[in-house]
$ cat input.txt   # compact mmCIF, C-alpha atoms
# COMPACT_ATOMS: atom_id res chain seq x y z
CA MET A 19 50.90 89.83 99.41
CA TRP A 20 48.63 91.80 97.11
CA LYS A 21 50.43 94.98 98.06
CA ARG A 22 53.80 93.45 97.32
CA ASP A 23 52.69 92.35 93.83
CA GLU A 24 51.64 95.89 92.98
CA ALA A 25 54.99 97.23 94.12
CA VAL A 26 56.86 94.77 91.94
CA LYS A 27 55.01 95.58 88.71
CA PRO A 28 56.68 98.91 87.88
CA THR A 29 60.17 97.43 88.15
CA THR A 30 59.46 94.96 85.36
CA GLY A 31 58.08 97.64 83.03
CA SER A 32 60.16 98.88 80.12
CA GLN A 33 59.62 102.59 80.97
CA PRO A 34 61.73 103.63 83.92
CA THR A 35 60.13 106.28 86.10
CA PRO A 36 61.85 108.59 88.56
CA SER A 37 59.82 107.18 91.47
CA ALA A 38 60.58 103.55 90.68
CA PRO A 39 64.07 103.37 92.18
CA ALA A 40 62.89 104.74 95.52
CA ALA A 41 60.04 102.24 95.74
CA GLN A 42 62.38 99.50 94.75
CA GLY A 43 64.93 100.45 97.34
CA SER A 44 62.49 100.48 100.24
CA HIS A 45 60.50 97.32 99.47
CA GLN A 46 62.37 95.08 97.08
CA GLN A 47 66.01 95.39 97.96
CA PRO A 48 66.86 91.69 97.65
CA ALA A 49 64.91 91.14 94.42
CA SER A 50 66.27 94.17 92.55
CA PRO A 51 69.92 93.30 91.70
CA PRO A 52 69.20 91.25 88.51
CA THR A 53 67.23 94.16 86.90
CA ALA A 54 69.18 97.07 88.35
CA ALA A 55 72.07 97.00 85.88
CA PRO A 56 70.00 97.12 82.63
CA GLN A 57 67.77 99.73 84.19
CA ALA A 58 70.69 101.93 85.08
CA GLU A 59 72.05 101.47 81.59
CA THR A 60 68.72 102.51 80.07
CA ARG A 61 68.60 105.52 82.34
CA ARG A 62 72.12 106.50 81.40
CA GLN A 63 71.30 106.21 77.68
CA GLN A 64 68.19 108.31 78.12
CA GLN A 65 70.15 110.98 79.96
CA GLN A 66 72.75 110.89 77.19
CA ILE A 67 70.03 111.43 74.55
CA GLU A 68 68.59 114.30 76.56
CA ARG A 69 72.04 115.82 76.83
CA ASP A 70 72.58 115.48 73.05
CA MET A 71 69.26 117.09 72.11
CA VAL A 72 69.20 120.72 73.03
CA ASN A 73 65.92 122.54 72.87
CA ILE A 74 65.46 126.28 72.68
CA GLY A 75 62.01 126.88 74.09
CA LYS A 76 59.16 129.02 72.81
CA SER A 77 59.84 131.97 75.07
CA VAL A 78 63.57 132.15 74.34
CA VAL A 79 64.91 134.90 72.08
CA ILE A 80 68.55 134.76 71.01
CA LYS A 81 70.33 137.55 69.17
CA GLY A 82 73.81 136.81 67.97
CA GLU A 83 75.84 133.83 66.90
CA LEU A 84 74.72 130.34 67.87
CA MET A 85 77.31 127.58 67.47
CA GLY A 86 77.23 124.01 68.67
CA SER A 87 78.31 120.43 68.21
CA GLU A 88 75.05 118.65 68.92
CA ASP A 89 71.59 118.44 67.42
CA LEU A 90 69.41 121.42 68.18
CA THR A 91 65.69 122.06 68.18
CA ILE A 92 64.51 125.64 68.11
CA GLU A 93 61.01 126.59 69.16
CA GLY A 94 61.88 130.18 70.02
CA HIS A 95 63.34 133.09 68.06
CA VAL A 96 66.90 133.36 66.84
CA GLU A 97 68.43 136.32 65.05
CA GLY A 98 71.97 136.36 63.70
CA LYS A 99 73.83 133.21 62.67
CA ILE A 100 73.44 129.51 63.48
CA GLU A 101 76.28 127.09 62.91
CA LEU A 102 75.93 123.38 63.71
CA LYS A 103 78.65 121.89 61.54
CA ASP A 104 77.89 118.16 61.69
CA HIS A 105 74.52 118.18 63.33
CA VAL A 106 70.84 118.50 62.69
CA LEU A 107 68.93 121.69 63.22
CA THR A 108 65.18 121.30 63.65
CA LEU A 109 63.04 124.39 63.61
CA GLY A 110 59.79 123.59 65.37
CA PRO A 111 56.38 124.92 64.29
CA ASN A 112 56.69 127.84 66.69
CA GLY A 113 60.28 128.61 65.85
CA LYS A 114 61.37 131.69 63.94
CA ILE A 115 64.83 132.25 62.57
CA LYS A 116 66.16 135.43 61.06
CA ALA A 117 69.64 134.21 60.43
CA ALA A 118 72.10 132.53 58.14
CA VAL A 119 72.03 128.82 58.93
CA PHE A 120 74.85 126.31 58.46
CA ALA A 121 74.26 122.69 59.49
CA LYS A 122 74.49 119.09 58.35
CA SER A 123 70.72 118.81 57.98
CA VAL A 124 68.00 121.34 58.49
CA ILE A 125 64.36 120.43 59.12
CA VAL A 126 61.98 123.36 58.89
CA LEU A 127 58.51 123.35 60.38
CA GLY A 128 58.62 127.00 61.41
CA GLU A 129 59.76 130.18 59.71
CA VAL A 130 63.21 130.90 58.32
CA ASN A 131 64.24 134.25 56.99
CA GLY A 132 67.77 133.91 55.72
CA ASN A 133 70.05 131.70 53.69
CA VAL A 134 70.29 128.02 54.60
CA THR A 135 73.38 125.94 53.86
CA ALA A 136 73.38 122.23 54.66
CA SER A 137 76.00 119.62 53.84
CA GLU A 138 73.37 116.84 53.64
CA LYS A 139 69.75 117.87 53.39
CA VAL A 140 67.23 120.65 53.80
CA ASP A 141 63.71 119.48 54.48
CA ILE A 142 60.90 122.03 54.47
CA ARG A 143 57.86 120.32 55.89
CA ASP A 144 54.17 121.14 55.54
CA GLY A 145 53.59 124.49 57.23
CA GLY A 146 57.27 125.38 57.16
CA SER A 147 58.49 128.47 55.37
CA VAL A 148 61.85 129.61 54.02
CA ASP A 149 62.54 133.03 52.60
CA GLY A 150 66.11 132.84 51.41
CA ASP A 151 68.56 130.89 49.32
CA ILE A 152 69.21 127.21 49.96
CA VAL A 153 72.49 125.45 49.24
CA SER A 154 72.39 121.70 49.84
CA PRO A 155 72.87 118.49 47.84
CA ARG A 156 69.36 117.35 48.78
CA VAL A 157 66.30 119.51 49.18
CA ALA A 158 62.78 118.35 49.96
CA ILE A 159 59.91 120.79 49.90
CA ALA A 160 56.57 119.39 51.03
CA GLU A 161 53.27 120.45 49.58
CA GLY A 162 51.95 123.14 51.88
CA ALA A 163 55.42 124.48 52.56
CA ARG A 164 56.30 128.01 51.52
CA PHE A 165 59.52 128.90 49.81
CA ARG A 166 60.88 132.02 48.21
CA GLY A 167 64.42 132.17 46.95
CA SER A 168 66.84 129.98 45.09
CA VAL A 169 67.94 126.38 45.44
CA ASP A 170 71.47 125.29 44.60
CA MET A 171 71.87 121.53 44.84
CA GLN A 172 75.55 121.43 43.81
CA ARG A 173 75.51 118.64 41.22
CA ARG A 174 77.27 115.65 42.80
CA ALA A 175 78.90 113.66 40.01
CA PRO A 176 79.54 115.69 36.88
CA GLN A 177 78.80 113.77 33.68
CA GLY A 178 81.78 114.31 31.41
CA THR A 179 83.00 117.85 31.29
CA GLN A 180 79.56 119.43 31.08
CA GLY A 181 78.32 120.95 34.27
CA ALA A 182 81.70 120.68 35.97
CA GLN A 183 83.06 124.08 35.04
CA PRO A 184 82.31 126.83 37.52
CA ARG A 185 80.42 129.73 36.07
CA PRO A 186 82.31 133.03 35.92
CA ALA A 187 80.97 135.18 38.74
CA GLY A 188 78.24 137.55 37.65
CA GLY A 189 79.11 137.46 33.99
CA PRO A 190 76.75 136.38 31.25
CA GLN A 191 77.13 132.81 30.03
CA GLN A 192 77.98 133.02 26.38
CA GLN A 193 79.03 129.50 25.47
CA PRO A 194 78.76 125.96 26.75
CA ALA A 195 81.67 124.71 28.87
CA ALA A 196 83.14 122.53 26.15
CA GLN A 197 83.37 125.49 23.79
CA ILE A 198 84.96 127.69 26.40
CA ALA A 199 87.62 125.04 27.01
CA GLN A 200 88.42 124.89 23.30
CA GLY A 201 87.97 128.58 22.71
CA ALA A 202 90.68 130.71 21.18
CA ARG A 203 90.58 133.34 23.91
CA MET B 30 28.55 98.69 17.35
CA ALA B 31 26.50 99.22 20.47
CA PHE B 32 25.57 102.72 21.58
CA SER B 33 27.52 102.25 24.80
CA ASP B 34 30.64 101.44 22.74
CA LEU B 35 30.25 104.69 20.84
CA PHE B 36 29.95 106.62 24.07
CA SER B 37 33.01 105.02 25.61
CA ARG B 38 35.07 105.76 22.50
CA ARG B 39 34.00 109.39 22.57
CA ARG B 40 34.96 109.67 26.21
CA LYS B 41 38.35 108.21 25.43
CA ASP B 42 38.91 110.70 22.62
CA ASP B 43 37.90 113.58 24.86
CA SER B 44 40.61 112.76 27.36
CA ASP B 45 43.24 114.07 24.89
CA GLY B 46 45.79 111.53 25.96
CA ALA B 47 45.60 112.62 29.58
CA ASP B 48 46.06 109.86 32.10
CA PRO B 49 44.95 110.21 35.67
CA GLY B 50 48.09 110.60 37.73
CA SER B 51 48.84 108.84 40.95
CA GLY B 52 47.27 111.69 42.91
CA GLY B 53 44.13 111.58 40.76
CA ASP B 54 45.11 114.66 38.75
CA PRO B 55 45.50 114.18 35.02
CA VAL B 56 48.89 113.68 33.43
CA HIS B 57 49.31 115.40 30.06
CA PRO B 58 51.97 114.87 27.46
CA THR B 59 54.43 117.69 26.79
CA LYS B 60 56.60 118.06 23.73
CA ALA B 61 58.56 121.19 24.54
CA LEU B 62 59.81 120.31 28.01
CA ALA B 63 62.23 117.66 26.73
CA ARG B 64 63.79 120.18 24.33
CA PHE B 65 63.96 122.79 27.04
CA LEU B 66 65.75 120.32 29.31
CA THR B 67 68.16 119.28 26.58
CA GLY B 68 69.11 122.89 25.97
CA LEU B 69 69.41 123.62 29.65
CA SER B 70 71.57 120.62 30.51
CA ALA B 71 74.01 121.56 27.75
CA ARG B 72 74.95 124.64 29.74
CA PRO B 73 77.38 124.58 32.64
CA GLN B 74 75.71 125.06 36.03
CA PRO B 75 72.58 126.52 34.53
CA LEU B 76 70.43 128.99 36.41
CA LEU B 77 66.72 128.35 36.03
CA LEU B 78 64.05 130.89 36.82
CA ASP B 79 60.73 129.24 37.67
CA LEU B 80 57.73 131.55 37.64
CA GLY B 81 55.30 129.00 39.02
CA PRO B 82 54.36 128.03 42.54
CA VAL B 83 57.03 126.05 44.31
CA VAL B 84 56.71 122.32 43.62
CA GLY B 85 59.08 120.24 45.72
CA SER B 86 59.44 117.39 43.23
CA ASN B 87 60.22 119.84 40.41
CA VAL B 88 62.94 121.46 42.50
CA THR B 89 64.42 118.01 43.14
CA PHE B 90 64.11 117.11 39.46
CA PHE B 91 65.88 120.22 38.23
CA GLY B 92 68.46 120.12 40.99
CA GLU B 93 69.35 116.45 40.80
CA GLU B 94 68.64 115.53 37.18
CA VAL B 95 69.65 118.69 35.40
CA GLY B 96 72.02 120.15 37.99
CA CYS B 97 70.38 123.56 37.90
CA LYS B 98 70.39 126.31 40.38
CA ILE B 99 66.71 127.13 40.68
CA HIS B 100 65.24 130.48 41.49
CA VAL B 101 61.53 130.43 42.29
CA GLU B 102 59.48 133.58 41.68
CA ASP B 103 55.79 132.80 42.06
CA ILE B 104 54.09 135.21 39.67
CA TYR B 105 50.67 133.59 40.28
CA LYS B 106 50.92 134.74 43.88
CA ASP B 107 51.66 138.27 42.67
CA ILE B 108 48.55 138.22 40.49
CA ASP B 109 46.44 136.91 43.37
CA ARG B 110 47.69 139.60 45.71
CA HIS B 111 46.91 142.38 43.24
CA VAL B 112 43.41 140.98 42.63
CA LYS B 113 42.65 140.69 46.34
CA GLU B 114 43.95 144.20 47.02
CA GLU B 115 42.00 145.45 43.98
CA LYS B 116 45.18 146.91 42.50
CA LEU B 117 45.15 145.25 39.10
CA ASP B 118 45.86 148.61 37.46
CA ALA B 119 49.21 148.65 39.23
CA LEU B 120 50.21 145.25 37.85
CA PRO B 121 52.02 146.54 34.69
CA GLU B 122 54.15 148.90 36.76
CA PHE B 123 54.80 146.16 39.31
CA PHE B 124 55.98 143.75 36.62
CA ALA B 125 58.21 146.41 35.07
CA ARG B 126 60.25 146.37 38.32
CA ARG B 127 59.60 142.80 39.38
CA PHE B 128 62.92 141.16 38.54
CA GLN B 129 65.92 142.41 40.44
CA GLN B 130 68.27 139.94 38.76
CA GLU B 131 71.11 141.18 36.61
CA SER B 132 70.54 141.21 32.85
CA ASN B 133 71.49 138.13 30.83
CA THR B 134 71.88 135.83 33.83
CA ALA B 135 69.13 133.18 33.56
CA ASP B 136 69.90 130.19 31.34
CA GLY B 137 66.30 129.07 31.30
CA ILE B 138 62.93 130.52 32.27
CA LEU B 139 59.82 128.47 32.93
CA CYS B 140 56.75 130.63 32.57
CA TRP B 141 54.23 127.76 32.56
CA ASP B 142 50.83 129.29 31.65
CA VAL B 143 51.16 132.55 33.60
CA PHE B 144 50.51 134.71 30.52
CA ASP B 145 47.02 133.21 30.20
CA TYR B 146 46.05 135.06 33.38
CA LEU B 147 47.31 138.46 32.30
CA ASP B 148 45.89 141.19 30.14
CA LYS B 149 48.09 142.47 27.38
CA ALA B 150 48.95 145.59 29.38
CA ALA B 151 50.42 143.53 32.23
CA ALA B 152 51.83 140.76 30.04
CA GLU B 153 54.06 143.10 28.03
CA PRO B 154 56.18 144.50 30.89
CA LEU B 155 56.49 141.00 32.36
CA ALA B 156 57.74 139.65 29.04
CA ARG B 157 60.18 142.57 28.72
CA GLY B 158 61.58 141.84 32.17
CA LEU B 159 62.07 138.17 31.32
CA VAL B 160 63.75 138.95 28.01
CA ARG B 161 66.17 141.22 29.85
CA VAL B 162 67.04 138.56 32.45
CA LEU B 163 67.45 135.71 29.95
CA ALA B 164 71.04 134.99 28.97
CA PRO B 165 72.09 134.93 25.29
CA ASP B 166 71.31 131.50 23.88
CA GLY B 167 69.09 130.90 26.91
CA MET B 168 65.62 129.41 26.56
CA LEU B 169 62.20 130.42 27.75
CA LEU B 170 59.28 128.00 27.85
CA ALA B 171 55.71 129.25 28.03
CA PHE B 172 52.29 127.69 27.54
CA PHE B 173 49.48 129.64 25.92
CA SER B 174 45.87 128.58 25.85
CA THR B 175 44.24 128.70 22.44
CA ALA B 176 40.64 128.25 23.60
CA ASP B 177 38.41 130.89 25.15
CA PRO B 178 38.18 130.41 28.91
CA ARG B 179 34.88 129.08 30.27
CA SER B 180 33.55 131.74 32.59
CA ALA B 181 31.22 129.39 34.45
CA VAL B 182 34.08 127.35 35.82
CA PRO B 183 35.54 128.62 39.12
CA PRO B 184 38.97 130.09 38.43
CA THR B 185 41.96 127.88 39.06
CA TYR B 186 45.68 127.99 38.50
CA THR B 187 47.59 124.87 37.61
CA ARG B 188 50.61 123.41 39.37
CA HIS B 189 52.64 121.74 36.63
CA VAL B 190 54.32 118.77 38.25
CA ILE B 191 57.02 117.14 36.15
CA VAL B 192 56.38 113.40 35.92
CA ASP B 193 59.15 112.91 33.38
CA LYS B 194 60.53 114.93 30.47
CA ASN B 195 57.54 113.98 28.31
CA SER B 196 54.67 114.39 30.76
CA LEU B 197 53.31 116.86 33.24
CA GLN B 198 50.73 116.35 35.92
CA HIS B 199 48.27 119.24 36.12
CA ARG B 200 47.20 119.94 39.70
CA PRO B 201 44.62 122.71 39.85
CA TYR B 202 44.35 125.02 42.84
CA SER B 203 42.07 127.95 43.51
CA ALA B 204 42.82 131.29 41.90
CA ALA B 205 41.57 134.81 42.49
CA ARG B 206 41.33 135.36 38.77
CA GLY B 207 40.47 133.25 35.75
CA LYS B 208 42.20 132.97 32.41
CA ARG B 209 41.96 135.94 30.07
CA LYS B 210 41.20 135.93 26.39
CA PRO B 211 43.91 133.97 24.54
CA LEU B 212 46.77 136.02 23.14
CA LEU B 213 47.19 135.98 19.40
CA ASN B 214 50.24 134.32 17.96
CA ARG B 215 51.63 137.54 16.51
CA ASP B 216 51.11 139.33 19.83
CA ILE B 217 53.09 136.60 21.57
CA GLN B 218 55.90 136.93 19.06
CA ARG B 219 56.02 140.70 19.36
CA MET B 220 55.86 140.62 23.13
CA PHE B 221 59.00 138.50 23.40
CA GLU B 222 61.10 140.23 20.76
CA PRO B 223 64.04 139.85 20.14
CA LEU B 224 63.60 136.22 21.26
CA ARG B 225 63.06 133.72 18.47
CA ILE B 226 60.62 130.87 18.57
CA SER B 227 62.70 127.73 18.22
CA ASP B 228 59.85 125.23 18.64
CA GLN B 229 56.13 125.34 19.14
CA PHE B 230 53.61 122.59 19.58
CA LEU B 231 49.85 122.75 19.54
CA LEU B 232 48.55 120.06 21.87
CA LYS B 233 45.16 118.38 21.92
CA THR B 234 44.54 120.11 25.22
CA ASN B 235 44.20 123.43 23.32
CA MET B 236 47.52 124.47 24.75
CA ARG B 237 50.30 125.91 22.65
CA GLU B 238 53.77 125.17 24.01
CA VAL B 239 56.26 127.75 22.81
CA LEU B 240 59.99 127.49 23.27
CA PHE B 241 61.86 130.75 22.76
CA ARG B 242 65.57 131.19 22.40
CA LYS B 243 67.49 134.41 22.89
CA PRO B 244 69.86 135.02 19.98
CA ALA B 245 73.49 135.13 21.00
CA ASP B 246 73.83 138.50 19.29
CA ALA B 247 70.74 140.02 20.91
CA PRO B 248 71.19 143.64 22.01
CA PRO B 249 71.99 143.93 25.73
CA GLY B 250 68.93 144.28 27.95

$ encode --input "input.txt" --output "structure tokens"
Amino acid sequence: MWKRDEAVKPTTGSQPTPSAPAAQGSHQQPASPPTAAPQAETRRQQQQIERDMVNIGKSVVIKGELMGSEDLTIEGHVEGKIELKDHVLTLGPNGKIKAAVFAKSVIVLGEVNGNVTASEKVDIRDGGSVDGDIVSPRVAIAEGARFRGSVDMQRRAPQGTQGAQPRPAGGPQQQPAAQIAQGAR
Amino acid sequence: MAFSDLFSRRRKDDSDGADPGSGGDPVHPTKALARFLTGLSARPQPLLLDLGPVVGSNVTFFGEEVGCKIHVEDIYKDIDRHVKEEKLDALPEFFARRFQQESNTADGILCWDVFDYLDKAAAEPLARGLVRVLAPDGMLLAFFSTADPRSAVPPTYTRHVIVDKNSLQHRPYSAARGKRKPLLNRDIQRMFEPLRISDQFLLKTNMREVLFRKPADAPPG
């Protein structure tokens, strides 16, 4: 009886383990059906999450263009271009990127050398470093983070006419926008 | 009046209006920042050059509140590197080539108190470079100490964290070099020619806040 109790315990736990189904199958076949369905569901969800989170390990070096449609964590080295249109790129503490980055959100704990463009947010955490220009509506730079370059946060809602006019490329800004609009030229 | 009352009043006066900030660092009033911001926000998609160490909340402030594009160039780090490498003599030449930006492109420049840490020989080429980069009608804000630096105090730089347009939190951090002898007012004026001083405020903290403006008809840099 004591042995049977011990065998039952893991099946009631919230953390499914790979060995649990085998033990269950051999000893508790009749008792398992009520818990089997939620467990299988949990397992399926976990596998789905694992599938959706791709990790580039420490020893991996990629040179070229990296494109994807799922969240990505980089712990290795990437050189070239990274494009994750609607997904989150996380650069781990060991990760190094020498590339132009395009993503929905970028979280930096490692080292980025290149321009970063995000449609939502760029977050440089403590210990993270970016050497390049950032274009994103939201930028967070933690104390202890290193940054060298420019930040363009693309003003969201222009107040009146000011700030809404694009600046002529490269040319010196002579007058405020309102004056240019009314100007005689 | 009790002696203890006298003492407490003196202590209060000595604080120069500085309140301890949320992080424990003092918050000081600023007069020139509000005017700098007003001038900057009147320009379409302004480009701001920040010569201080990167401060995340300042970047957010300028990006979200003012709608600036911010370019960070940490001059304090440059000074530190030259001190550590014992190449201070090379600093004037370094500053003469420091800014790769095109002439007349920055709508605003925040120098903070960087000139306090430079000798005249290094300060002049830095000022010349900034004048060149500043756009016509653009503004440059700099703080200059008016008191002799205390040599006994370990050298520190200051992170100027914007609390709001009227106050700055001063967060000191270690420096390789202390403040130099204060620059004279006429030297400051000459150094930044042809910029014109549009406003200047002498604060109780012995800090002079100077707001320069580049005349629209200034000769090209």

$ residues_around --input "input.txt" --residues "Glu238 (chain B)" --least-positions-apart "6" --cutoff "9 Å" --atoms "all atoms listed in the file" --output "PDB file with C-alpha atoms, in the coordinates of the input"
ATOM      1  CA  THR B  59      54.430 117.690  26.790  1.00  0.00           C
ATOM      2  CA  LYS B  60      56.600 118.060  23.730  1.00  0.00           C
ATOM      3  CA  ALA B  61      58.560 121.190  24.540  1.00  0.00           C
ATOM      4  CA  LEU B  62      59.810 120.310  28.010  1.00  0.00           C
ATOM      5  CA  TRP B 141      54.230 127.760  32.560  1.00  0.00           C
ATOM      6  CA  LEU B 170      59.280 128.000  27.850  1.00  0.00           C
ATOM      7  CA  ALA B 171      55.710 129.250  28.030  1.00  0.00           C
ATOM      8  CA  PHE B 172      52.290 127.690  27.540  1.00  0.00           C
ATOM      9  CA  PHE B 173      49.480 129.640  25.920  1.00  0.00           C
ATOM     10  CA  SER B 174      45.870 128.580  25.850  1.00  0.00           C
ATOM     11  CA  ASP B 228      59.850 125.230  18.640  1.00  0.00           C
ATOM     12  CA  GLN B 229      56.130 125.340  19.140  1.00  0.00           C
ATOM     13  CA  PHE B 230      53.610 122.590  19.580  1.00  0.00           C
ATOM     14  CA  LEU B 231      49.850 122.750  19.540  1.00  0.00           C
ATOM     15  CA  LEU B 232      48.550 120.060  21.870  1.00  0.00           C
TER      16      LEU B 232
END

$ closest_residue --input "input.txt" --among "A:Arg164, A:Arg156, A:Lys116, A:Lys99" --to "Asp144 (chain A)" --atoms "all atoms listed in the file"
A:Arg164

$ residues_near_point --input "input.txt" --point "(44.8, 117.6, 37.9)" --cutoff "8 Å" --atoms "all atoms listed in the file" --output "VMD selection string"
chain B and resid 49 to 50 53 to 56 187 198 to 201

$ closest_residue --input "input.txt" --among "B:Lys233, B:Arg225, B:Pro178, B:Val143" --to "Asp107 (chain B)" --atoms "only C-alpha atoms"
B:Val143

$ atom_distance --input "input.txt" --atom1 "CA of Thr60 (chain A)" --atom2 "CA of Thr91 (chain A)"
23.1 Å

$ atom_distance --input "input.txt" --atom1 "CA of Met171 (chain A)" --atom2 "CA of Lys139 (chain A)"
9.5 Å

$ residues_around --input "input.txt" --residues "Cys140 (chain B)" --least-positions-apart "3" --cutoff "10 Å" --atoms "all atoms listed in the file" --output "list in words"
Leu78, Asp79, Leu80, Gly81, Glu102, Asp103, Ile104, Gly137, Val143, Phe144, Ala156, Leu159, Leu169, Leu170, Ala171, Phe172 and Phe173 of chain B

$ atom_distance --input "input.txt" --atom1 "CA of Phe241 (chain B)" --atom2 "CA of Ile138 (chain B)"
9.6 Å
